[in-house]
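Here is the structure we will look at.
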Amino acid sequence: HKDDWQIQFRGGGWCSSADDCMARSRTALGSSKSWGGTALSTNGITSRDCRVNPDFCNFNYVEVPYCDGDSFVGDRVDPVLVGPPGKEKKLYFRGARIIDTLIATLVANYGMQKAKNVLITGRSAGGLGALLNADVIYDLLRQYGATPQRYKVVPCSGFFPLLPNFLGQTLYGDLIEDLFKLSNATTRTKCYQDLGGSAIAWHCNVAQY
């Protein structure tokens, strides 16, 4: 299984405003300062125990901690300044660059350009990140010379559609739209090519599109 790979994106919800994202940046969901050593959240489809996960337990396993607050699609060049005048703090949204650096590192240091079977997984907000970045990761691998025989994406609890619930309420829409604009999100997908620049471009951060 030396050429078989699984990349797992951790979840952790989203932040909803500049102030909320700044508060989040001081936690383990927004900064690596408190991460420490290896801390794999492996169970189910990510388990390394072949009795639990016989199909993928021996894949090269990469777990990506969640720290950008926008399912790894933010790409704002300049930081957002948060706080009173003269005491502003810089807030960065660069989740898309985490994806680029992740694949570049796996190719340069671990031989992922030889990948034959690739499984992209994620939970909750990480599951949405897996969906939104599926084509991006595949294209990056191809750019580095990889020719995967099988390439699959499994977003566990990562589908947040713009549909009413049993109470008739449509959830997540305002949050996703506000964060899309705040983080200058770019999903780098055909959806964004079609809708980029329009009033509903933020729909590209919703799984159903």
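Just remember, in the structure tokens the first chain shown is A, the second B, etc., residues are 1-based per chain, and ligands are 1-based in the order shown.
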Worksheet item: DSSP on the backbone: what in region 106-192 of chain A comes out helix (DSSP H, G or I), as a PyMOL selection string?
Response: chain A and resi 106-110+112-114+125-143+173-182+190-192
Worksheet item: Within 8 Å of Tyr151 (chain A), counting only C-alpha atoms, which residues qualify if same-chain residues fewer than 3 places away don't, as a list in words?
Response: Asn117, Val118, Leu119, Ile120, Tyr138 and Pro148 of chain A
Worksheet item: Got a sec: who's within 12 Å of Val107 (chain A), counting only C-alpha atoms, leaving out chain neighbours fewer than 4 positions off, as number ranges by chain?
Response: A: 3, 5, 100-103, 111-115, 137, 140-146
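Of the residues under consideration (A:Phe72, A:Phe180, A:Phe9, A:Tyr66), A:Phe9 shows the shortest atom-to-atom contact distance to Val153 (chain A) when counting only C-alpha atoms.
Among the residues of region 6-188 of chain A, backbone DSSP assigns strand (DSSP E) to A:Gln6, A:Ile7, A:Gln8, A:Phe9, A:Asn60, A:Tyr61, A:Val62, A:Glu63, A:Val64, A:Val80, A:Leu81, A:Val82, A:Lys89, A:Lys90, A:Leu91, A:Asn117, A:Val118, A:Leu119, A:Ile120, A:Thr121, A:Gly122, A:Arg123, A:Arg150, A:Tyr151, A:Lys152, A:Val153, A:Val154, A:Pro155, A:Cys156.
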Worksheet item: Residues at most 9 Å from Thr121 (chain A), counting only C-alpha atoms, excluding those fewer than 2 positions away in the same chain, as an NGL selection string?
Response: :A and (6-10 or 45-46 or 119 or 123 or 126-127 or 129-131 or 152-156)
What does the file look like for those residues with N, CA and C atoms, as a compact mmCIF listing (two decimals), in the first residue's frame?
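As written to disk, selection.txt reads:
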# COMPACT_ATOMS: atom_id res chain seq x y z
N GLN A 6 -4.64 8.30 1.97
CA GLN A 6 -5.88 8.87 2.50
C GLN A 6 -5.54 10.21 3.16
N ILE A 7 -6.24 11.25 2.75
CA ILE A 7 -6.09 12.57 3.36
C ILE A 7 -7.40 12.89 4.08
N GLN A 8 -7.30 13.13 5.38
CA GLN A 8 -8.47 13.39 6.21
C GLN A 8 -8.45 14.82 6.72
N PHE A 9 -9.52 15.56 6.46
CA PHE A 9 -9.65 16.94 6.93
C PHE A 9 -10.51 16.96 8.20
N ARG A 10 -9.95 17.47 9.26
CA ARG A 10 -10.70 17.59 10.49
C ARG A 10 -11.80 18.64 10.36
N ILE A 45 -13.83 5.09 9.31
CA ILE A 45 -13.14 5.02 8.03
C ILE A 45 -11.69 5.53 8.12
N THR A 46 -11.34 6.20 9.21
CA THR A 46 -9.97 6.68 9.38
C THR A 46 -9.17 5.82 10.35
N LEU A 119 -7.85 8.54 -1.45
CA LEU A 119 -9.13 8.72 -0.79
C LEU A 119 -9.08 10.02 0.00
N ARG A 123 -14.66 15.27 8.06
CA ARG A 123 -15.85 15.24 8.90
C ARG A 123 -16.40 16.65 9.09
N GLY A 126 -14.85 19.75 7.84
CA GLY A 126 -13.77 19.11 7.10
C GLY A 126 -14.30 18.29 5.94
N GLY A 127 -15.50 17.72 6.11
CA GLY A 127 -16.14 17.00 5.02
C GLY A 127 -16.50 17.94 3.89
N GLY A 129 -14.92 20.70 3.32
CA GLY A 129 -13.62 21.03 2.74
C GLY A 129 -13.14 19.98 1.76
N ALA A 130 -13.41 18.70 2.09
CA ALA A 130 -13.05 17.62 1.18
C ALA A 130 -13.79 17.76 -0.14
N LEU A 131 -15.09 18.06 -0.07
CA LEU A 131 -15.88 18.25 -1.28
C LEU A 131 -15.40 19.44 -2.10
N LYS A 152 -11.22 8.97 -4.96
CA LYS A 152 -12.56 9.06 -4.40
C LYS A 152 -12.59 10.07 -3.26
N VAL A 153 -13.79 10.62 -3.03
CA VAL A 153 -14.01 11.58 -1.95
C VAL A 153 -15.17 11.11 -1.09
N VAL A 154 -14.95 11.07 0.24
CA VAL A 154 -15.98 10.64 1.17
C VAL A 154 -16.17 11.74 2.22
N PRO A 155 -17.16 12.61 2.06
CA PRO A 155 -17.41 13.68 3.04
C PRO A 155 -18.38 13.20 4.12
N CYS A 156 -17.86 12.86 5.26
CA CYS A 156 -18.70 12.37 6.36
C CYS A 156 -19.38 13.55 7.06
Practice prompt. Excluding Thr189 (chain A) and any residue of its chain fewer than 3 positions from it, enumerate the residues within 9 Å of it, using only C-alpha atoms, and give them as a ChimeraX atom specification.
Written response: /A:132-133,135-136,186,192-194,204
